[in-house]
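Have a look at input39.csv; it's CSV, C-alpha atoms:
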```
chain,number,residue,atom,x,y,z
A,1,MET,CA,233.4,-185.3,26.6
A,2,GLY,CA,230.7,-187.7,27.6
A,3,ALA,CA,230.0,-189.6,30.8
A,4,ALA,CA,232.8,-191.4,32.5
A,5,VAL,CA,232.1,-195.1,32.5
A,6,GLY,CA,235.6,-196.5,32.9
A,7,TYR,CA,238.9,-195.7,34.6
A,8,GLY,CA,240.7,-193.5,32.0
A,9,THR,CA,238.1,-194.1,29.3
A,10,MET,CA,235.1,-192.0,28.4
A,11,LEU,CA,231.8,-193.2,26.9
A,12,GLY,CA,232.0,-192.9,23.2
A,13,THR,CA,235.7,-193.7,23.2
A,14,VAL,CA,236.3,-197.3,22.1
A,15,PRO,CA,239.7,-198.5,23.3
A,16,ARG,CA,242.3,-198.7,20.5
A,17,GLU,CA,243.3,-202.1,19.3
A,18,CYS,CA,246.3,-203.5,21.1
A,19,PRO,CA,249.3,-204.3,18.8
A,20,HIS,CA,249.6,-207.7,20.5
A,21,CYS,CA,246.1,-208.6,19.3
A,22,ALA,CA,246.8,-207.8,15.6
A,23,GLY,CA,246.3,-210.6,13.1
A,24,GLU,CA,243.9,-213.5,13.1
A,25,GLY,CA,240.9,-211.3,13.5
A,26,GLY,CA,242.5,-209.4,16.4
A,27,THR,CA,242.0,-212.2,18.8
A,28,ARG,CA,245.5,-213.6,19.4
A,29,ALA,CA,245.6,-212.2,23.0
A,30,VAL,CA,242.0,-213.2,23.7
A,31,SER,CA,240.9,-216.7,24.7
A,32,LYS,CA,237.4,-218.0,24.0
A,33,ALA,CA,236.8,-219.2,27.6
A,34,SER,CA,234.4,-217.1,29.5
A,35,PHE,CA,235.9,-214.9,32.1
A,36,SER,CA,234.2,-214.4,35.5
A,37,SER,CA,234.4,-212.2,38.6
A,38,GLY,CA,234.3,-214.5,41.6
A,39,GLY,CA,232.1,-217.0,39.8
A,40,ARG,CA,229.8,-214.6,38.0
A,41,THR,CA,230.3,-214.6,34.2
A,42,VAL,CA,230.6,-211.1,32.9
A,43,GLY,CA,231.5,-211.6,29.3
A,44,SER,CA,232.2,-214.0,26.5
A,45,THR,CA,236.0,-213.7,26.1
A,46,ALA,CA,239.0,-213.4,28.4
A,47,VAL,CA,242.3,-211.6,28.0
A,48,GLU,CA,245.1,-213.7,29.4
A,49,GLU,CA,246.4,-212.5,32.8
A,50,ALA,CA,250.0,-212.4,31.6
A,51,LEU,CA,249.0,-209.9,28.9
A,52,ARG,CA,247.0,-207.8,31.3
A,53,ARG,CA,249.9,-207.6,33.7
A,54,LYS,CA,252.2,-206.7,30.9
A,55,ALA,CA,249.8,-203.8,30.1
A,56,TYR,CA,250.5,-202.3,33.5
A,57,ASP,CA,254.2,-202.5,33.1
A,58,ASP,CA,254.0,-200.9,29.6
A,59,LEU,CA,251.6,-198.2,30.8
A,60,ALA,CA,253.7,-197.2,33.9
A,61,PRO,CA,255.8,-194.4,32.4
A,62,THR,CA,252.7,-192.6,30.9
A,63,PHE,CA,250.0,-193.8,33.2
A,64,ASP,CA,249.6,-190.5,35.2
A,65,GLU,CA,249.7,-188.4,32.0
A,66,GLU,CA,247.0,-190.5,30.3
A,67,LEU,CA,244.6,-190.4,33.3
A,68,GLU,CA,245.2,-186.9,34.8
A,69,TRP,CA,242.6,-184.9,32.8
A,70,HIS,CA,240.0,-187.7,32.8
A,71,GLU,CA,240.2,-188.0,36.6
A,72,PHE,CA,240.0,-184.2,36.9
A,73,PHE,CA,236.9,-183.8,34.7
A,74,THR,CA,235.0,-186.8,36.1
A,75,GLY,CA,235.6,-185.9,39.7
A,76,ILE,CA,237.7,-189.0,40.5
A,77,LYS,CA,240.5,-186.9,42.0
A,78,LEU,CA,237.9,-185.5,44.5
A,79,MET,CA,236.7,-189.0,45.3
A,80,ARG,CA,240.3,-190.0,46.0
A,81,TRP,CA,240.7,-187.0,48.4
A,82,TRP,CA,237.4,-187.8,50.2
A,83,MET,CA,238.2,-191.5,50.6
A,84,MET,CA,241.9,-191.2,51.7
A,85,ARG,CA,241.0,-188.6,54.4
A,86,GLN,CA,239.2,-191.5,56.1
A,87,ALA,CA,242.4,-193.6,56.4
A,88,ARG,CA,243.5,-194.1,60.0
A,89,GLY,CA,246.4,-195.8,61.8
A,90,ASN,CA,248.6,-198.2,60.0
A,91,VAL,CA,247.5,-198.1,56.4
A,92,LEU,CA,248.1,-200.7,53.6
A,93,GLU,CA,247.3,-199.7,50.0
A,94,VAL,CA,247.0,-202.7,47.6
A,95,ALA,CA,247.4,-202.2,43.9
A,96,ALA,CA,248.8,-198.8,44.5
A,97,GLY,CA,249.9,-198.4,40.8
A,98,THR,CA,251.9,-195.2,40.3
A,99,GLY,CA,250.9,-193.8,43.7
A,100,ARG,CA,248.0,-191.6,42.6
A,101,ASN,CA,246.5,-191.6,46.1
A,102,PHE,CA,249.7,-190.5,47.9
A,103,GLY,CA,248.9,-186.8,47.9
A,104,TYR,CA,245.5,-187.3,49.5
A,105,TYR,CA,246.4,-189.1,52.7
A,106,PRO,CA,246.4,-187.1,56.0
A,107,GLU,CA,249.8,-185.7,56.7
A,108,GLY,CA,252.0,-188.1,58.7
A,109,THR,CA,250.1,-191.3,57.6
A,110,LYS,CA,252.1,-194.5,58.1
A,111,LEU,CA,251.6,-196.1,54.7
A,112,THR,CA,252.7,-199.4,53.1
A,113,ALA,CA,252.0,-199.3,49.3
A,114,THR,CA,252.1,-202.5,47.2
A,115,ASP,CA,251.7,-203.4,43.6
A,116,CYS,CA,252.5,-206.5,41.6
A,117,SER,CA,254.0,-204.5,38.7
A,118,PRO,CA,257.7,-203.6,39.2
A,119,ALA,CA,257.4,-200.8,36.7
A,120,MET,CA,254.5,-199.2,38.6
A,121,VAL,CA,256.4,-199.6,41.9
A,122,GLU,CA,259.4,-197.8,40.4
A,123,VAL,CA,257.2,-194.7,39.7
A,124,CYS,CA,255.6,-195.1,43.1
A,125,ARG,CA,258.9,-195.0,44.9
A,126,ALA,CA,259.9,-191.8,43.2
A,127,LYS,CA,256.7,-190.2,44.5
A,128,ALA,CA,257.2,-191.6,48.0
A,129,THR,CA,260.6,-189.9,48.3
A,130,GLY,CA,259.0,-186.5,48.2
A,131,SER,CA,256.1,-187.2,50.5
A,132,SER,CA,255.6,-185.9,54.0
A,133,SER,CA,254.3,-189.3,55.1
A,134,ALA,CA,256.3,-192.4,55.9
A,135,ILE,CA,255.7,-194.6,52.8
A,136,ASP,CA,257.1,-198.1,52.4
A,137,VAL,CA,256.7,-199.1,48.7
A,138,ARG,CA,257.2,-202.7,47.8
A,139,VAL,CA,256.4,-205.3,45.1
A,140,GLU,CA,253.7,-207.5,46.6
A,141,ASP,CA,250.9,-209.6,45.0
A,142,VAL,CA,247.6,-209.8,46.8
A,143,GLN,CA,246.8,-212.7,44.5
A,144,ALA,CA,249.8,-214.8,45.5
A,145,LYS,CA,248.8,-218.3,46.6
A,146,LYS,CA,250.7,-218.0,49.8
A,147,GLY,CA,249.1,-214.6,50.5
A,148,MET,CA,250.8,-211.3,51.2
A,149,GLY,CA,253.8,-211.2,53.5
A,150,PHE,CA,251.9,-209.5,56.3
A,151,GLU,CA,250.5,-210.9,59.5
A,152,SER,CA,246.8,-211.2,60.0
A,153,GLY,CA,245.2,-208.1,61.4
A,154,SER,CA,248.3,-206.0,61.1
A,155,PHE,CA,246.6,-202.9,59.4
A,156,ASP,CA,244.0,-200.5,60.6
A,157,THR,CA,243.0,-199.4,57.1
A,158,VAL,CA,243.3,-201.3,53.8
A,159,VAL,CA,242.9,-199.3,50.6
A,160,ASP,CA,242.2,-200.5,47.1
A,161,THR,CA,241.4,-198.1,44.3
A,162,PHE,CA,240.5,-199.4,40.8
A,163,GLY,CA,242.0,-202.8,41.7
A,164,LEU,CA,239.1,-205.3,41.8
A,165,CYS,CA,238.7,-204.9,38.0
A,166,SER,CA,242.2,-206.3,37.4
A,167,TYR,CA,242.5,-209.3,39.7
A,168,GLU,CA,242.0,-212.8,38.3
A,169,ASP,CA,240.0,-213.7,41.4
A,170,PRO,CA,238.7,-210.4,43.0
A,171,VAL,CA,236.8,-212.3,45.7
A,172,ALA,CA,240.0,-214.1,46.9
A,173,ALA,CA,241.9,-210.8,46.7
A,174,LEU,CA,239.3,-209.0,48.9
A,175,ARG,CA,239.4,-211.9,51.4
A,176,GLU,CA,243.2,-211.5,51.6
A,177,MET,CA,242.8,-207.8,52.2
A,178,ALA,CA,240.3,-208.6,54.9
A,179,ARG,CA,242.8,-211.0,56.5
A,180,VAL,CA,245.4,-208.4,57.0
A,181,CYS,CA,242.9,-205.8,58.3
A,182,ARG,CA,242.2,-205.5,62.0
A,183,ARG,CA,239.0,-207.3,63.0
A,184,GLY,CA,236.6,-206.3,65.7
A,185,ASP,CA,236.2,-208.1,69.0
A,186,GLY,CA,232.6,-209.3,68.4
A,187,ARG,CA,231.1,-206.3,70.0
A,188,GLY,CA,231.6,-203.9,67.2
A,189,GLU,CA,234.8,-202.4,68.8
A,190,GLY,CA,238.2,-202.0,67.2
A,191,CYS,CA,237.3,-203.1,63.7
A,192,GLY,CA,239.4,-201.8,60.8
A,193,ARG,CA,238.1,-200.5,57.5
A,194,LEU,CA,238.6,-201.3,53.8
A,195,LEU,CA,238.3,-198.2,51.6
A,196,LEU,CA,237.4,-199.0,48.0
A,197,ILE,CA,237.0,-196.9,44.9
A,198,GLU,CA,236.1,-199.2,42.0
A,199,HIS,CA,234.5,-199.2,38.6
A,200,GLY,CA,232.2,-201.9,37.2
A,201,ARG,CA,228.8,-202.7,35.7
A,202,SER,CA,225.8,-200.5,36.4
A,203,ARG,CA,222.9,-202.0,38.2
A,204,SER,CA,220.7,-199.1,37.3
A,205,HIS,CA,221.4,-198.5,33.6
A,206,ALA,CA,221.3,-201.7,31.6
A,207,TRP,CA,222.0,-199.9,28.3
A,208,LEU,CA,225.3,-198.7,29.7
A,209,THR,CA,226.3,-202.1,31.1
A,210,ASN,CA,225.6,-203.5,27.6
A,211,ILE,CA,228.2,-201.1,26.2
A,212,LEU,CA,230.7,-202.1,28.9
A,213,ASP,CA,230.1,-205.8,28.1
A,214,LYS,CA,230.6,-205.2,24.4
A,215,HIS,CA,234.0,-203.5,24.8
A,216,ALA,CA,235.2,-205.4,27.8
A,217,ALA,CA,237.9,-207.5,26.0
A,218,PRO,CA,239.6,-204.6,24.1
A,219,HIS,CA,239.5,-202.5,27.3
A,220,ALA,CA,241.1,-205.3,29.3
A,221,THR,CA,243.8,-205.6,26.6
A,222,LYS,CA,244.8,-201.9,26.8
A,223,TRP,CA,244.2,-201.1,30.4
A,224,GLY,CA,244.7,-204.6,32.0
A,225,CYS,CA,241.3,-204.5,33.7
A,226,TYR,CA,237.7,-205.6,33.3
A,227,TRP,CA,235.4,-202.6,33.6
A,228,ASN,CA,232.1,-204.6,33.7
A,229,ARG,CA,232.4,-206.6,37.0
A,230,ASP,CA,229.7,-206.7,39.6
A,231,ILE,CA,231.6,-204.7,42.3
A,232,VAL,CA,228.9,-204.8,45.0
A,233,GLY,CA,228.4,-208.5,44.4
A,234,ILE,CA,232.1,-209.2,44.7
A,235,VAL,CA,232.3,-207.3,48.0
A,236,ARG,CA,229.4,-209.2,49.5
A,237,GLU,CA,230.6,-212.6,48.3
A,238,ALA,CA,234.0,-211.9,50.0
A,239,GLY,CA,232.1,-211.7,53.3
A,240,LEU,CA,232.7,-208.0,54.0
A,241,GLU,CA,230.1,-205.8,55.7
A,242,ILE,CA,229.4,-202.6,53.7
A,243,VAL,CA,229.3,-199.6,56.0
A,244,GLN,CA,228.9,-196.9,53.3
A,245,GLN,CA,228.2,-197.1,49.6
A,246,HIS,CA,228.0,-194.4,47.0
A,247,GLU,CA,227.6,-194.6,43.2
A,248,PHE,CA,228.5,-192.1,40.5
A,249,HIS,CA,228.7,-192.0,36.7
A,250,PHE,CA,225.4,-193.7,36.1
A,251,GLY,CA,226.2,-196.4,38.7
A,252,THR,CA,229.6,-197.4,37.2
A,253,THR,CA,231.9,-195.9,39.8
A,254,HIS,CA,231.6,-197.3,43.4
A,255,LEU,CA,232.8,-195.8,46.6
A,256,ILE,CA,232.6,-198.4,49.3
A,257,VAL,CA,233.6,-198.3,53.0
A,258,ALA,CA,233.5,-201.9,54.4
A,259,LYS,CA,234.8,-203.8,57.3
A,260,PRO,CA,236.0,-207.4,57.6
A,261,PRO,CA,234.1,-210.1,59.5
A,262,GLU,CA,234.5,-209.8,63.3
A,263,LEU,CA,236.3,-212.4,65.2
```

As structure tokens, please, write out the structure in this file.
Amino acid sequence: MGAAVGYGTMLGTVPRECPHCAGEGGTRAVSKASFSSGGRTVGSTAVEEALRRKAYDDLAPTFDEELEWHEFFTGIKLMRWWMMRQARGNVLEVAAGTGRNFGYYPEGTKLTATDCSPAMVEVCRAKATGSSSAIDVRVEDVQAKKGMGFESGSFDTVVDTFGLCSYEDPVAALREMARVCRRGDGRGEGCGRLLLIEHGRSRSHAWLTNILDKHAAPHATKWGCYWNRDIVGIVREAGLEIVQQHEFHFGTTHLIVAKPPEL
């Protein structure tokens, strides 16, 4: 089936044209302004945020079905299990989507799951009902100008899986996650953790990054995300300290454990 280079998409599979882009050369949903990831240009066109958000609402009913086998064969389900087992204390999951991580948290986890898509949250809530953990699911936007409705330092663990690709400003989104994550006392004690599973451009395989760049716009139109962002660069620009970092799928899938700046 080829090497996995994108969430739900395999190398050799070009994303199908979105019906919203039909006509006028297939560019109606695409603006000519360059899009960037926290100030770094990663392509030549941008898919409007409203259409990317609509993509998530439209995908919600079939999202799990479309991704299940891809995640199984590419090992992403195992990555979710490994990462979620590290969650401790009061946990916030940002961009929880349809709740694909719920089954991997330690039993009894106190979890708040958020997403900006009401349709995704509806699927999430149905899963939370049958969970052994206490899960509070709510519509919340990490990109909101006023920030999320949580006090600073109120969570021990903040989780984001395949979310940095979809934010209009991923650096600002990460800084907001860091704000609500518990910070250390300056001596390395008591600091919370951010657990990230993300996909983005490969630093080790330029040929593969070229493919991602070429198909970034159609992929963003269908899946609502940019699969060619510089994930490590975004994390560092947000001011987070990387504690652990692992790369898979020719350097396009990133598992990162980070911590917010200390007080």

At a cut-off of 8 Å, using only C-alpha atoms, what residues contact region 193-200 of chain A? Leave out same-chain residues fewer than 5 positions from it and give the result as a ChimeraX atom specification. /A:5-7,79-80,83-84,87,156-165,177-178,181-182,226-231,252-260

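Comparing the minimum interatomic distances between Thr221 (chain A) and each of A:Glu107, A:Glu262, A:Glu237, A:Asp58, counting only C-alpha atoms, we find that A:Asp58 sits nearest.
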
Specify the axis-aligned box that encloses all atoms of region 155-171 of chain A listed in the file after padding of 5 Å on each side, stating its centre and edge lengths in Å to one decimal as AutoDock Vina command-line options.
```
--center_x 241.7 --center_y -205.9 --center_z 49.0 --size_x 19.8 --size_y 25.6 --size_z 33.2
```

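The residue that comes closest to Trp82 (chain A), out of A:Pro61, A:Gln244, A:Tyr104, A:Ser133 and on the basis of only C-alpha atoms, is A:Tyr104.
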
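Rounded to one decimal, CA of Thr209 (chain A) and CA of Arg175 (chain A) lie 26.1 Å from each other.
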
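Between CA of Thr129 (chain A) and CA of Leu59 (chain A) the interatomic distance comes to 21.4 Å.
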
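Here CA of Val137 (chain A) is placed at a distance of 8.3 Å from CA of Asp115 (chain A).
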
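Here the question is which of A:Arg100, A:Lys110, A:Lys145, A:His249 gets nearest to Ala172 (chain A) using only C-alpha atoms, and that residue is A:Lys145.
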
Would you pick out the contacts of Ala206 (chain A) at 12 Å or less, using all atoms listed in the file, so that residues sharing its chain but fewer than 5 positions from it are not included, and give the list as a count of residues only? 8

Tell me, as a PyMOL selection string, which residues lie within 8 Å of region 51-53 of chain A, counting all atoms listed in the file; anything in the same chain fewer than 4 positions away does not count. chain A and resi 29+47+57+117+166+220-225

Next, write the just-selected residues to a file, as a CSV table (one decimal), keeping the file's coordinate frame, keeping C-alpha atoms as the atom set.
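Okay, this is what ended up in part22.csv:
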```csv
chain,number,residue,atom,x,y,z
A,29,ALA,CA,245.6,-212.2,23.0
A,47,VAL,CA,242.3,-211.6,28.0
A,57,ASP,CA,254.2,-202.5,33.1
A,117,SER,CA,254.0,-204.5,38.7
A,166,SER,CA,242.2,-206.3,37.4
A,220,ALA,CA,241.1,-205.3,29.3
A,221,THR,CA,243.8,-205.6,26.6
A,222,LYS,CA,244.8,-201.9,26.8
A,223,TRP,CA,244.2,-201.1,30.4
A,224,GLY,CA,244.7,-204.6,32.0
A,225,CYS,CA,241.3,-204.5,33.7
```

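Between Val171 (chain A) and the residues A:His219, A:Ala126, A:Val91, A:Leu240, the shortest atom-to-atom distance, using all atoms listed in the file, involves A:Leu240.
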
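Using all atoms listed in the file, the nearest neighbour of Cys116 (chain A) within the list A:Ile135, A:Tyr56, A:Glu66, A:Gly89 is A:Tyr56.
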
With all atoms listed in the file as the counted atoms, please give the residues lying no more than 9 Å from Cys124 (chain A), apart from itself and same-chain residues fewer than 2 positions off, as an NGL selection string. :A and (96-100 or 102 or 113 or 119-122 or 126-129 or 137)

Extract, using only C-alpha atoms, all DNA, RNA and protein residues at most 12 Å from Lys146 (chain A), discarding same-chain residues fewer than 4 positions from it, and format them as a short mmCIF file (atom, residue, chain, number, x, y, z; two decimals) with C-alpha atoms, in the frame of the given file.
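Just written: selection.cif:
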```cif
data_model
loop_
_atom_site.label_atom_id
_atom_site.label_comp_id
_atom_site.auth_asym_id
_atom_site.auth_seq_id
_atom_site.Cartn_x
_atom_site.Cartn_y
_atom_site.Cartn_z
CA GLU A 140 253.70 -207.50 46.60
CA ASP A 141 250.90 -209.60 45.00
CA VAL A 142 247.60 -209.80 46.80
CA PHE A 150 251.90 -209.50 56.30
CA ALA A 172 240.00 -214.10 46.90
CA ALA A 173 241.90 -210.80 46.70
CA GLU A 176 243.20 -211.50 51.60
#
```

Produce region 160-172 of chain A of the given structure as output with all heavy atoms, as a PDB file, in the first residue's frame.
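The resulting result-v6.pdb:
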```
ATOM      1  N   ASP A 160      -2.309  16.766  21.892  1.00  0.00           N
ATOM      2  CA  ASP A 160      -2.742  17.199  20.563  1.00  0.00           C
ATOM      3  C   ASP A 160      -2.236  16.172  19.562  1.00  0.00           C
ATOM      4  O   ASP A 160      -1.024  15.971  19.441  1.00  0.00           O
ATOM      5  CB  ASP A 160      -2.181  18.586  20.230  1.00  0.00           C
ATOM      6  CG  ASP A 160      -2.672  19.093  18.872  1.00  0.00           C
ATOM      7  OD1 ASP A 160      -2.190  18.598  17.838  1.00  0.00           O
ATOM      8  OD2 ASP A 160      -3.523  19.993  18.864  1.00  0.00           O
ATOM      9  N   THR A 161      -3.147  15.493  18.866  1.00  0.00           N
ATOM     10  CA  THR A 161      -2.738  14.520  17.863  1.00  0.00           C
ATOM     11  C   THR A 161      -3.278  14.935  16.501  1.00  0.00           C
ATOM     12  O   THR A 161      -4.482  15.076  16.316  1.00  0.00           O
ATOM     13  CB  THR A 161      -3.224  13.092  18.208  1.00  0.00           C
ATOM     14  OG1 THR A 161      -4.641  13.078  18.361  1.00  0.00           O
ATOM     15  CG2 THR A 161      -2.595  12.624  19.511  1.00  0.00           C
ATOM     16  N   PHE A 162      -2.361  15.148  15.584  1.00  0.00           N
ATOM     17  CA  PHE A 162      -2.687  15.557  14.212  1.00  0.00           C
ATOM     18  C   PHE A 162      -3.545  16.815  14.202  1.00  0.00           C
ATOM     19  O   PHE A 162      -4.534  16.904  13.466  1.00  0.00           O
ATOM     20  CB  PHE A 162      -3.378  14.411  13.466  1.00  0.00           C
ATOM     21  CG  PHE A 162      -2.555  13.148  13.429  1.00  0.00           C
ATOM     22  CD1 PHE A 162      -2.871  12.067  14.236  1.00  0.00           C
ATOM     23  CD2 PHE A 162      -1.438  13.069  12.603  1.00  0.00           C
ATOM     24  CE1 PHE A 162      -2.100  10.912  14.218  1.00  0.00           C
ATOM     25  CE2 PHE A 162      -0.656  11.918  12.577  1.00  0.00           C
ATOM     26  CZ  PHE A 162      -0.985  10.835  13.389  1.00  0.00           C
ATOM     27  N   GLY A 163      -3.138  17.787  15.019  1.00  0.00           N
ATOM     28  CA  GLY A 163      -3.858  19.047  15.095  1.00  0.00           C
ATOM     29  C   GLY A 163      -3.064  20.228  14.562  1.00  0.00           C
ATOM     30  O   GLY A 163      -3.630  21.156  14.005  1.00  0.00           O
ATOM     31  N   LEU A 164      -1.731  20.206  14.720  1.00  0.00           N
ATOM     32  CA  LEU A 164      -0.916  21.342  14.288  1.00  0.00           C
ATOM     33  C   LEU A 164      -1.025  21.588  12.789  1.00  0.00           C
ATOM     34  O   LEU A 164      -0.816  22.701  12.317  1.00  0.00           O
ATOM     35  CB  LEU A 164       0.552  21.120  14.663  1.00  0.00           C
ATOM     36  CG  LEU A 164       0.876  21.087  16.159  1.00  0.00           C
ATOM     37  CD1 LEU A 164       2.381  20.927  16.372  1.00  0.00           C
ATOM     38  CD2 LEU A 164       0.379  22.347  16.854  1.00  0.00           C
ATOM     39  N   CYS A 165      -1.377  20.558  12.047  1.00  0.00           N
ATOM     40  CA  CYS A 165      -1.519  20.702  10.602  1.00  0.00           C
ATOM     41  C   CYS A 165      -2.754  21.505  10.216  1.00  0.00           C
ATOM     42  O   CYS A 165      -2.853  22.010   9.099  1.00  0.00           O
ATOM     43  CB  CYS A 165      -1.603  19.321   9.951  1.00  0.00           C
ATOM     44  SG  CYS A 165      -2.939  18.292  10.634  1.00  0.00           S
ATOM     45  N   SER A 166      -3.702  21.641  11.139  1.00  0.00           N
ATOM     46  CA  SER A 166      -4.994  22.226  10.775  1.00  0.00           C
ATOM     47  C   SER A 166      -5.205  23.643  11.306  1.00  0.00           C
ATOM     48  O   SER A 166      -6.151  24.316  10.899  1.00  0.00           O
ATOM     49  CB  SER A 166      -6.139  21.338  11.289  1.00  0.00           C
ATOM     50  OG  SER A 166      -6.125  21.264  12.695  1.00  0.00           O
ATOM     51  N   TYR A 167      -4.337  24.107  12.212  1.00  0.00           N
ATOM     52  CA  TYR A 167      -4.530  25.431  12.787  1.00  0.00           C
ATOM     53  C   TYR A 167      -4.044  26.518  11.826  1.00  0.00           C
ATOM     54  O   TYR A 167      -3.012  26.358  11.168  1.00  0.00           O
ATOM     55  CB  TYR A 167      -3.772  25.562  14.106  1.00  0.00           C
ATOM     56  CG  TYR A 167      -4.134  24.530  15.132  1.00  0.00           C
ATOM     57  CD1 TYR A 167      -3.144  23.855  15.838  1.00  0.00           C
ATOM     58  CD2 TYR A 167      -5.465  24.219  15.395  1.00  0.00           C
ATOM     59  CE1 TYR A 167      -3.470  22.898  16.786  1.00  0.00           C
ATOM     60  CE2 TYR A 167      -5.797  23.267  16.333  1.00  0.00           C
ATOM     61  CZ  TYR A 167      -4.791  22.603  17.025  1.00  0.00           C
ATOM     62  OH  TYR A 167      -5.131  21.657  17.952  1.00  0.00           O
ATOM     63  N   GLU A 168      -4.764  27.628  11.792  1.00  0.00           N
ATOM     64  CA  GLU A 168      -4.343  28.749  10.959  1.00  0.00           C
ATOM     65  C   GLU A 168      -2.999  29.287  11.438  1.00  0.00           C
ATOM     66  O   GLU A 168      -2.148  29.653  10.646  1.00  0.00           O
ATOM     67  CB  GLU A 168      -5.411  29.845  11.002  1.00  0.00           C
ATOM     68  CG  GLU A 168      -5.308  30.848   9.883  1.00  0.00           C
ATOM     69  CD  GLU A 168      -5.734  30.290   8.533  1.00  0.00           C
ATOM     70  OE1 GLU A 168      -6.183  29.137   8.455  1.00  0.00           O
ATOM     71  OE2 GLU A 168      -5.590  31.028   7.545  1.00  0.00           O
ATOM     72  N   ASP A 169      -2.798  29.322  12.760  1.00  0.00           N
ATOM     73  CA  ASP A 169      -1.528  29.748  13.349  1.00  0.00           C
ATOM     74  C   ASP A 169      -1.114  28.701  14.377  1.00  0.00           C
ATOM     75  O   ASP A 169      -1.463  28.795  15.558  1.00  0.00           O
ATOM     76  CB  ASP A 169      -1.670  31.118  14.011  1.00  0.00           C
ATOM     77  CG  ASP A 169      -0.332  31.685  14.499  1.00  0.00           C
ATOM     78  OD1 ASP A 169       0.634  30.907  14.632  1.00  0.00           O
ATOM     79  OD2 ASP A 169      -0.263  32.893  14.750  1.00  0.00           O
ATOM     80  N   PRO A 170      -0.392  27.666  13.952  1.00  0.00           N
ATOM     81  CA  PRO A 170      -0.039  26.569  14.865  1.00  0.00           C
ATOM     82  C   PRO A 170       0.854  26.996  16.020  1.00  0.00           C
ATOM     83  O   PRO A 170       0.789  26.415  17.099  1.00  0.00           O
ATOM     84  CB  PRO A 170       0.659  25.560  13.948  1.00  0.00           C
ATOM     85  CG  PRO A 170       1.148  26.362  12.793  1.00  0.00           C
ATOM     86  CD  PRO A 170       0.132  27.445  12.595  1.00  0.00           C
ATOM     87  N   VAL A 171       1.700  28.005  15.815  1.00  0.00           N
ATOM     88  CA  VAL A 171       2.571  28.481  16.892  1.00  0.00           C
ATOM     89  C   VAL A 171       1.725  29.088  18.008  1.00  0.00           C
ATOM     90  O   VAL A 171       1.916  28.792  19.192  1.00  0.00           O
ATOM     91  CB  VAL A 171       3.594  29.505  16.358  1.00  0.00           C
ATOM     92  CG1 VAL A 171       4.353  30.150  17.520  1.00  0.00           C
ATOM     93  CG2 VAL A 171       4.572  28.830  15.405  1.00  0.00           C
ATOM     94  N   ALA A 172       0.759  29.928  17.636  1.00  0.00           N
ATOM     95  CA  ALA A 172      -0.128  30.530  18.638  1.00  0.00           C
ATOM     96  C   ALA A 172      -0.950  29.464  19.341  1.00  0.00           C
ATOM     97  O   ALA A 172      -1.185  29.544  20.557  1.00  0.00           O
ATOM     98  CB  ALA A 172      -1.042  31.559  17.974  1.00  0.00           C
TER      99      ALA A 172
END
```
